[in-house]
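What follows is input_24.cif (mmCIF, C-alpha atoms and all ligand atoms).
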```
data_model
#
loop_
_atom_site.group_PDB
_atom_site.id
_atom_site.type_symbol
_atom_site.label_atom_id
_atom_site.label_comp_id
_atom_site.auth_asym_id
_atom_site.auth_seq_id
_atom_site.Cartn_x
_atom_site.Cartn_y
_atom_site.Cartn_z
ATOM 1 C CA MET A 1 5.597 -21.886 2.704
ATOM 2 C CA GLU A 2 5.664 -18.640 0.811
ATOM 3 C CA ILE A 3 7.949 -16.449 -1.239
ATOM 4 C CA HIS A 4 8.779 -13.377 0.696
ATOM 5 C CA ASN A 5 10.690 -10.191 -0.114
ATOM 6 C CA VAL A 6 12.917 -9.400 2.868
ATOM 7 C CA THR A 7 13.626 -5.879 1.557
ATOM 8 C CA GLU A 8 9.980 -5.021 2.211
ATOM 9 C CA ASP A 9 10.258 -5.923 5.889
ATOM 10 C CA ILE A 10 13.344 -3.773 6.291
ATOM 11 C CA VAL A 11 11.839 -0.799 4.452
ATOM 12 C CA LEU A 12 8.423 -0.930 6.139
ATOM 13 C CA ASP A 13 9.929 -1.240 9.618
ATOM 14 C CA ALA A 14 12.391 1.575 8.942
ATOM 15 C CA VAL A 15 9.677 3.871 7.527
ATOM 16 C CA ASN A 16 7.500 3.390 10.606
ATOM 17 C CA GLU A 17 10.453 3.960 12.941
ATOM 18 C CA ILE A 18 11.535 7.152 11.177
ATOM 19 C CA PHE A 19 8.014 8.574 10.932
ATOM 20 C CA ASP A 20 7.218 7.696 14.562
ATOM 21 C CA GLU A 21 10.381 9.537 15.613
ATOM 22 C CA ILE A 22 9.350 12.601 13.583
ATOM 23 C CA GLU A 23 5.940 12.499 15.274
ATOM 24 C CA ARG A 24 7.550 12.229 18.725
ATOM 25 C CA GLU A 25 9.847 15.190 18.090
ATOM 26 C CA GLY A 26 6.745 17.157 17.056
ATOM 27 C CA LYS A 27 8.619 19.986 15.339
ATOM 28 C CA LYS A 28 6.439 22.708 13.836
ATOM 29 C CA ASP A 29 7.722 22.315 10.260
ATOM 30 C CA ARG A 30 7.818 18.537 10.336
ATOM 31 C CA PRO A 31 6.765 16.600 7.245
ATOM 32 C CA CYS A 32 3.356 14.950 7.165
ATOM 33 C CA THR A 33 3.365 11.542 8.876
ATOM 34 C CA CYS A 34 -0.068 10.277 7.796
ATOM 35 C CA PHE A 35 -0.569 6.693 6.558
ATOM 36 C CA GLN A 36 -0.571 7.678 2.937
ATOM 37 C CA CYS A 37 2.685 9.631 3.187
ATOM 38 C CA ARG A 38 4.281 6.681 5.015
ATOM 39 C CA LEU A 39 3.184 4.330 2.296
ATOM 40 C CA ASP A 40 4.275 6.679 -0.501
ATOM 41 C CA THR A 41 7.694 6.965 1.127
ATOM 42 C CA ALA A 42 7.969 3.167 1.481
ATOM 43 C CA CYS A 43 7.092 2.777 -2.210
ATOM 44 C CA TYR A 44 9.676 5.381 -3.156
ATOM 45 C CA ALA A 45 12.398 3.386 -1.389
ATOM 46 C CA LEU A 46 11.153 -0.028 -2.542
ATOM 47 C CA ASN A 47 11.158 1.069 -6.176
ATOM 48 C CA ARG A 48 14.853 1.905 -5.844
ATOM 49 C CA LEU A 49 16.047 -1.174 -3.977
ATOM 50 C CA ALA A 50 16.606 -4.688 -5.225
ATOM 51 C CA PRO A 51 14.120 -7.193 -3.838
ATOM 52 C CA ARG A 52 15.613 -10.093 -1.893
ATOM 53 C CA TYR A 53 13.390 -13.137 -1.956
ATOM 54 C CA VAL A 54 13.401 -15.958 0.540
ATOM 55 C CA VAL A 55 11.209 -19.018 0.742
ATOM 56 C CA SER A 56 10.135 -19.133 4.329
ATOM 57 C CA SER A 57 7.606 -18.131 6.874
ATOM 58 C CA ARG A 58 7.659 -14.496 7.849
ATOM 59 C CA GLY A 59 9.297 -15.233 11.228
ATOM 60 C CA VAL A 60 12.298 -16.906 9.642
ATOM 61 C CA ALA A 61 12.690 -14.149 7.075
ATOM 62 C CA ARG A 62 12.747 -11.598 9.853
ATOM 63 C CA ALA A 63 15.487 -13.354 11.807
ATOM 64 C CA GLU A 64 17.689 -13.279 8.740
ATOM 65 C CA THR A 65 17.429 -9.504 8.393
ATOM 66 C CA ASP A 66 19.083 -9.065 11.785
ATOM 67 C CA SER A 67 22.482 -10.346 10.640
ATOM 68 C CA ILE A 68 25.427 -7.979 10.541
ATOM 69 C CA GLU A 69 26.051 -8.235 6.819
ATOM 70 C CA HIS A 70 22.816 -6.357 6.186
ATOM 71 C CA GLN A 71 23.747 -3.323 8.245
ATOM 72 C CA GLN A 72 25.217 -1.430 5.308
ATOM 73 C CA GLU A 73 22.110 -2.256 3.344
ATOM 74 C CA GLU A 74 19.994 -0.815 6.138
ATOM 75 C CA ALA A 75 22.039 2.386 6.121
ATOM 76 C CA ASP A 76 21.289 2.732 2.402
ATOM 77 C CA VAL A 77 17.625 2.085 3.110
ATOM 78 C CA VAL A 78 17.508 4.814 5.736
ATOM 79 C CA SER A 79 19.086 7.411 3.440
ATOM 80 C CA LEU A 80 16.687 6.421 0.639
ATOM 81 C CA ILE A 81 13.753 6.812 3.012
ATOM 82 C CA HIS A 82 14.888 10.302 4.016
ATOM 83 C CA GLU A 83 15.274 11.214 0.353
ATOM 84 C CA GLY A 84 11.802 9.831 -0.393
ATOM 85 C CA LEU A 85 10.295 11.578 2.602
ATOM 86 C CA GLN A 86 11.481 14.964 1.326
ATOM 87 C CA LYS A 87 10.237 14.293 -2.216
ATOM 88 C CA ILE A 88 6.869 12.940 -1.111
ATOM 89 C CA ASN A 89 6.375 15.841 1.267
ATOM 90 C CA LYS A 90 7.073 18.357 -1.502
ATOM 91 C CA SER A 91 4.642 16.726 -3.892
ATOM 92 C CA LYS A 92 2.013 15.869 -1.291
ATOM 93 C CA ARG A 93 -1.072 14.363 -2.823
ATOM 94 C CA PRO A 94 -3.803 16.913 -3.225
ATOM 95 C CA HIS A 95 -7.335 16.234 -1.935
ATOM 96 C CA PHE A 96 -6.140 14.104 0.965
ATOM 97 C CA GLU A 97 -6.793 15.237 4.482
ATOM 98 C CA HIS A 98 -3.370 13.965 5.575
ATOM 99 C CA GLN A 99 -4.675 13.184 9.070
ATOM 100 C CA SER A 100 -1.976 11.877 11.358
ATOM 101 C CA GLU A 101 -4.112 10.051 13.931
ATOM 102 C CA ARG A 102 -3.314 6.362 14.044
ATOM 103 C CA GLU A 103 -6.596 5.514 15.720
ATOM 104 C CA ARG A 104 -10.028 6.783 14.877
ATOM 105 C CA PRO A 105 -13.502 5.948 16.129
ATOM 106 C CA ALA A 106 -15.141 2.921 14.509
ATOM 107 C CA ASP A 107 -18.371 3.240 12.554
ATOM 108 C CA PHE A 108 -19.745 0.190 14.336
ATOM 109 C CA GLN A 109 -19.033 -2.017 17.353
ATOM 110 C CA GLY A 110 -18.425 -5.745 17.380
ATOM 111 C CA PRO A 111 -17.011 -8.347 15.000
ATOM 112 C CA ALA A 112 -15.655 -7.125 11.693
ATOM 113 C CA PHE A 113 -14.067 -8.226 8.460
ATOM 114 C CA ASN A 114 -10.886 -6.151 8.337
ATOM 115 C CA PHE A 115 -9.394 -5.710 4.908
ATOM 116 C CA PRO A 116 -5.683 -5.440 4.208
ATOM 117 C CA THR A 117 -4.309 -2.405 2.450
ATOM 118 C CA ILE A 118 -4.162 -3.298 -1.246
ATOM 119 C CA ILE A 119 -1.118 -2.237 -3.238
ATOM 120 C CA GLY A 120 -0.295 -2.680 -6.914
ATOM 121 C CA ARG A 121 1.678 -1.137 -9.738
ATOM 122 C CA LEU A 122 0.581 -0.061 -13.202
ATOM 123 C CA PHE A 123 2.955 0.125 -16.173
ATOM 124 C CA ASN A 124 2.767 1.100 -19.809
ATOM 125 C CA GLY A 125 3.002 -2.243 -21.666
ATOM 126 C CA ASN A 126 4.791 -0.590 -24.613
ATOM 127 C CA ASN A 127 7.853 0.652 -22.767
ATOM 128 C CA PHE A 128 7.415 -0.771 -19.230
ATOM 129 C CA GLU A 129 7.520 2.732 -17.756
ATOM 130 C CA PRO A 130 5.270 3.517 -14.767
ATOM 131 C CA VAL A 131 1.959 5.092 -15.777
ATOM 132 C CA ASN A 132 1.114 8.593 -14.503
ATOM 133 C CA ASP A 133 -1.961 10.818 -14.438
ATOM 134 C CA VAL A 134 -4.328 7.871 -14.673
ATOM 135 C CA ASP A 135 -7.166 7.021 -12.281
ATOM 136 C CA VAL A 136 -7.178 3.512 -10.819
ATOM 137 C CA PHE A 137 -10.504 2.234 -9.442
ATOM 138 C CA LEU A 138 -11.126 -0.442 -6.822
ATOM 139 C CA LEU A 139 -14.479 -2.159 -7.240
ATOM 140 C CA ALA A 140 -16.173 -4.475 -4.742
ATOM 141 C CA ASP A 141 -19.000 -6.522 -6.289
ATOM 142 C CA GLY A 142 -18.881 -4.222 -9.300
ATOM 143 C CA LYS A 143 -19.380 -1.046 -7.251
ATOM 144 C CA SER A 144 -16.812 1.499 -6.112
ATOM 145 C CA ALA A 145 -15.274 0.158 -2.878
ATOM 146 C CA GLU A 146 -15.642 2.451 0.119
ATOM 147 C CA MET A 147 -12.345 3.460 1.720
ATOM 148 C CA LEU A 148 -11.553 3.377 5.434
ATOM 149 C CA ASP A 149 -11.114 7.133 5.769
ATOM 150 C CA PRO A 150 -10.532 10.281 3.709
ATOM 151 C CA ASN A 151 -6.765 9.694 3.609
ATOM 152 C CA TRP A 152 -7.475 6.923 1.142
ATOM 153 C CA GLN A 153 -8.905 7.676 -2.265
ATOM 154 C CA ASN A 154 -10.914 5.679 -4.727
ATOM 155 C CA PRO A 155 -10.271 6.262 -7.591
ATOM 156 C CA TYR A 156 -6.584 6.593 -6.900
ATOM 157 C CA ARG A 157 -4.758 9.104 -9.075
ATOM 158 C CA LEU A 158 -1.300 7.872 -10.123
ATOM 159 C CA VAL A 159 1.334 10.557 -9.578
ATOM 160 C CA PRO A 160 4.974 10.541 -10.765
ATOM 161 C CA ALA A 161 6.498 10.464 -7.235
ATOM 162 C CA THR A 162 5.266 6.922 -6.561
ATOM 163 C CA ALA A 163 6.320 5.357 -9.883
ATOM 164 C CA GLY A 164 3.060 3.711 -10.883
ATOM 165 C CA THR A 165 2.169 2.469 -7.400
ATOM 166 C CA PHE A 166 -1.427 2.678 -6.237
ATOM 167 C CA SER A 167 -2.941 1.758 -2.888
ATOM 168 C CA PHE A 168 -6.347 1.238 -1.333
ATOM 169 C CA TRP A 169 -7.669 0.473 2.115
ATOM 170 C CA PRO A 170 -11.264 -0.756 2.073
ATOM 171 C CA LYS A 171 -13.502 0.029 5.017
ATOM 172 C CA PRO A 172 -14.177 -2.834 7.489
ATOM 173 C CA ILE A 173 -17.518 -4.626 7.151
ATOM 174 C CA PRO A 174 -19.583 -5.839 10.136
ATOM 175 C CA ALA A 175 -19.587 -9.610 10.756
ATOM 176 C CA GLU A 176 -22.060 -11.807 12.637
ATOM 177 C CA THR A 177 -19.486 -13.608 14.762
ATOM 178 C CA VAL A 178 -15.746 -13.779 15.380
ATOM 179 C CA GLY A 179 -13.872 -16.296 13.226
ATOM 180 C CA GLU A 180 -16.380 -16.277 10.375
ATOM 181 C CA GLU A 181 -14.632 -16.786 7.038
ATOM 182 C CA ARG A 182 -15.811 -14.958 3.952
ATOM 183 C CA THR A 183 -14.408 -14.409 0.475
ATOM 184 C CA PHE A 184 -14.752 -10.953 -1.065
ATOM 185 C CA GLU A 185 -14.509 -10.285 -4.776
ATOM 186 C CA PHE A 186 -12.643 -7.212 -5.910
ATOM 187 C CA SER A 187 -11.443 -5.812 -9.187
ATOM 188 C CA VAL A 188 -9.010 -3.075 -10.120
ATOM 189 C CA SER A 189 -9.716 -1.106 -13.277
ATOM 190 C CA ALA A 190 -7.838 1.596 -15.143
ATOM 191 C CA ALA A 191 -8.390 3.351 -18.443
ATOM 192 C CA ALA A 192 -6.099 5.740 -20.314
ATOM 193 C CA PRO A 193 -6.372 7.295 -23.772
ATOM 194 C CA GLY A 194 -4.783 5.039 -26.413
ATOM 195 C CA PHE A 195 -4.931 1.942 -24.221
ATOM 196 C CA GLU A 196 -7.361 -0.868 -23.743
ATOM 197 C CA GLU A 197 -9.243 -0.723 -20.451
ATOM 198 C CA LEU A 198 -7.562 -2.904 -17.854
ATOM 199 C CA ARG A 199 -9.567 -5.016 -15.438
ATOM 200 C CA HIS A 200 -7.919 -7.263 -12.860
ATOM 201 C CA PHE A 201 -10.130 -9.505 -10.700
ATOM 202 C CA PHE A 202 -9.021 -10.940 -7.380
ATOM 203 C CA GLU A 203 -10.451 -12.432 -4.217
ATOM 204 C CA VAL A 204 -9.626 -11.801 -0.594
ATOM 205 C CA THR A 205 -10.597 -14.370 2.038
ATOM 206 C CA ILE A 206 -10.888 -12.889 5.499
ATOM 207 C CA LYS A 207 -11.640 -14.243 8.940
ATOM 208 C CA SER A 208 -13.700 -11.871 11.050
ATOM 209 C CA GLU A 209 -12.057 -10.396 14.135
ATOM 210 C CA HIS A 210 -13.579 -9.107 17.357
ATOM 211 C CA VAL A 211 -13.088 -5.425 16.542
ATOM 212 C CA THR A 212 -12.446 -3.216 13.545
ATOM 213 C CA ALA A 213 -8.753 -2.719 12.824
ATOM 214 C CA LEU A 214 -8.385 1.004 12.402
ATOM 215 C CA SER A 215 -4.766 1.473 13.278
ATOM 216 C CA PHE A 216 -2.418 1.251 10.400
ATOM 217 C CA SER A 217 -0.126 -1.717 9.976
ATOM 218 C CA MET A 218 2.003 -1.908 6.875
ATOM 219 C CA GLN A 219 2.510 -5.617 7.482
ATOM 220 C CA ARG A 220 -1.137 -6.161 6.725
ATOM 221 C CA THR A 221 -0.787 -5.577 3.034
ATOM 222 C CA LEU A 222 -2.007 -7.409 -0.041
ATOM 223 C CA LYS A 223 0.265 -6.927 -3.038
ATOM 224 C CA LEU A 224 -1.276 -7.426 -6.456
ATOM 225 C CA PRO A 225 0.795 -8.629 -9.421
ATOM 226 C CA ASP A 226 2.195 -5.843 -11.617
ATOM 227 C CA MET A 227 -0.288 -4.721 -14.282
ATOM 228 C CA TYR A 228 0.275 -3.358 -17.772
ATOM 229 C CA LEU A 229 -1.782 -1.161 -20.079
ATOM 230 C CA PHE A 230 -1.675 -2.207 -23.739
ATOM 231 C CA PRO A 231 -2.942 -0.517 -26.899
ATOM 232 C CA PRO A 232 -6.139 -2.001 -28.387
ATOM 233 C CA GLY A 233 -5.757 -5.095 -30.566
ATOM 234 C CA GLY A 234 -3.330 -7.096 -28.435
ATOM 235 C CA ASP A 235 -4.427 -10.344 -26.854
ATOM 236 C CA GLU A 236 -2.493 -9.906 -23.626
ATOM 237 C CA ASP A 237 -4.504 -11.176 -20.731
ATOM 238 C CA GLN A 238 -4.483 -9.370 -17.428
HETATM 239 ZN ZN ZN B 301 0.284 12.895 4.484
#
```
Could you quickly redo this structure as structure tokens?
Ligand SMILES: [Zn+2]
Amino acid sequence: MEIHNVTEDIVLDAVNEIFDEIEREGKKDRPCTCFQCRLDTACYALNRLAPRYVVSSRGVARAETDSIEHQQEEADVVSLIHEGLQKINKSKRPHFEHQSERERPADFQGPAFNFPTIIGRLFNGNNFEPVNDVDVFLLADGKSAEMLDPNWQNPYRLVPATAGTFSFWPKPIPAETVGEERTFEFSVSAAAPGFEELRHFFEVTIKSEHVTALSFSMQRTLKLPDMYLFPPGGDEDQ
């Protein structure tokens, strides 16, 4: 049993559908459809929609989203996604390669620990506004975690268009066999002038799979709890 936000399913599915369609049309002046731009657009919409939580397995949650009463909601989602797509495309992240390929050659053959994309949000603890122009770092065993490809950055620079949302996609790691379970220790850190350095530790337990997962799936996402930067002296624990 888990708590699940149905709005996320609707938005992520709709973003992929819309971006896939743009790719298929293949117009010359089409917006970028890379993973990062898809994710930025999904975050744009999700930050403007109310979450709808259900306690259920994912399959059950999905069935519920098909009902007619949610059609209007979906229409709103689609228009929000188009709005986000335009905004994100105008303020495209610098320094990314914005590659559109969904598949790329693996660095190694054989069993692999495939990491989920890791998403979180960072707020100013004084006014609960999203934080901008701050670098967020993902560390694995205390060292900077290597990202899957150049579309993904570490550190991640928070920009206003994504309202405090950051994302990472760690590179797969070779495994000895298929079905091997291992727990990886990560931490997210951020520092901004006038605030205490934030450090959030978390673990990800992964079962090795027979190949590296290099095609993007937004359903394979780990969401971290919201994080807050506080001025020095507080005893808030993150
Ligand atoms: Zn892009």
Find the spatial neighbours of Lys207 of chain A, counting all atoms listed in the file, within a cut-off of 7 Å - ignore same-chain residues fewer than 4 positions away - and output them as a PyMOL selection string. chain A and resi 113+179-182
One decimal, Å: what's the distance from atom CA of Ser189 of chain A over to atom CA of Met227 of chain A, could you say? 10.1 Å
Of the candidates A:Tyr44, A:Phe195, A:Phe35, A:Phe108, which one gets nearest to ligand ZN 301 (chain B) if we count all atoms listed in the file? A:Phe35
All residues within 6 Å of ligand ZN 301 (chain B) are required, counting only C-alpha atoms and all ligand atoms; please report them as a PyMOL selection string. chain A and resi 32-34+36-37+98
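Comparing A:Val6, A:Ala42, A:Ala112, A:Leu12 by their smallest distance to Thr177 of chain A, the closest is A:Ala112 (using only C-alpha atoms).
Evaluating the PyMOL selection byres (((chain A and resi 46-52) around 10) and not hetatm) against the shown model yields Ile3, His4, Asn5, Val6, Thr7, Glu8, Ile10, Val11, Leu12, Asp40, Thr41, Ala42, Cys43, Tyr44, Ala45, Tyr53, Val54, Glu73, Asp76, Val77, Leu80, Ile81, Thr162, Ala163, Gly164 and Thr165 of chain A.
With all atoms listed in the file as the atoms that count, the residue of A:Leu224, A:Ile88, A:Val188, A:Leu158 with the shortest distance to Asp141 of chain A is A:Val188.
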Identify the residues within 12 Å of coordinate (-2.2, -9.9, -1.1) (same frame as the file), considering all atoms listed in the file, and give the answer as a count of residues only. 23
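Of the residues under consideration (A:Leu139, A:Val134, A:Arg38, A:Glu21), A:Val134 shows the shortest atom-to-atom contact distance to Arg121 of chain A when counting only C-alpha atoms.
Pairwise distance (atom CA of Asn154 of chain A, atom CA of Leu138 of chain A) equals 6.5 Å.
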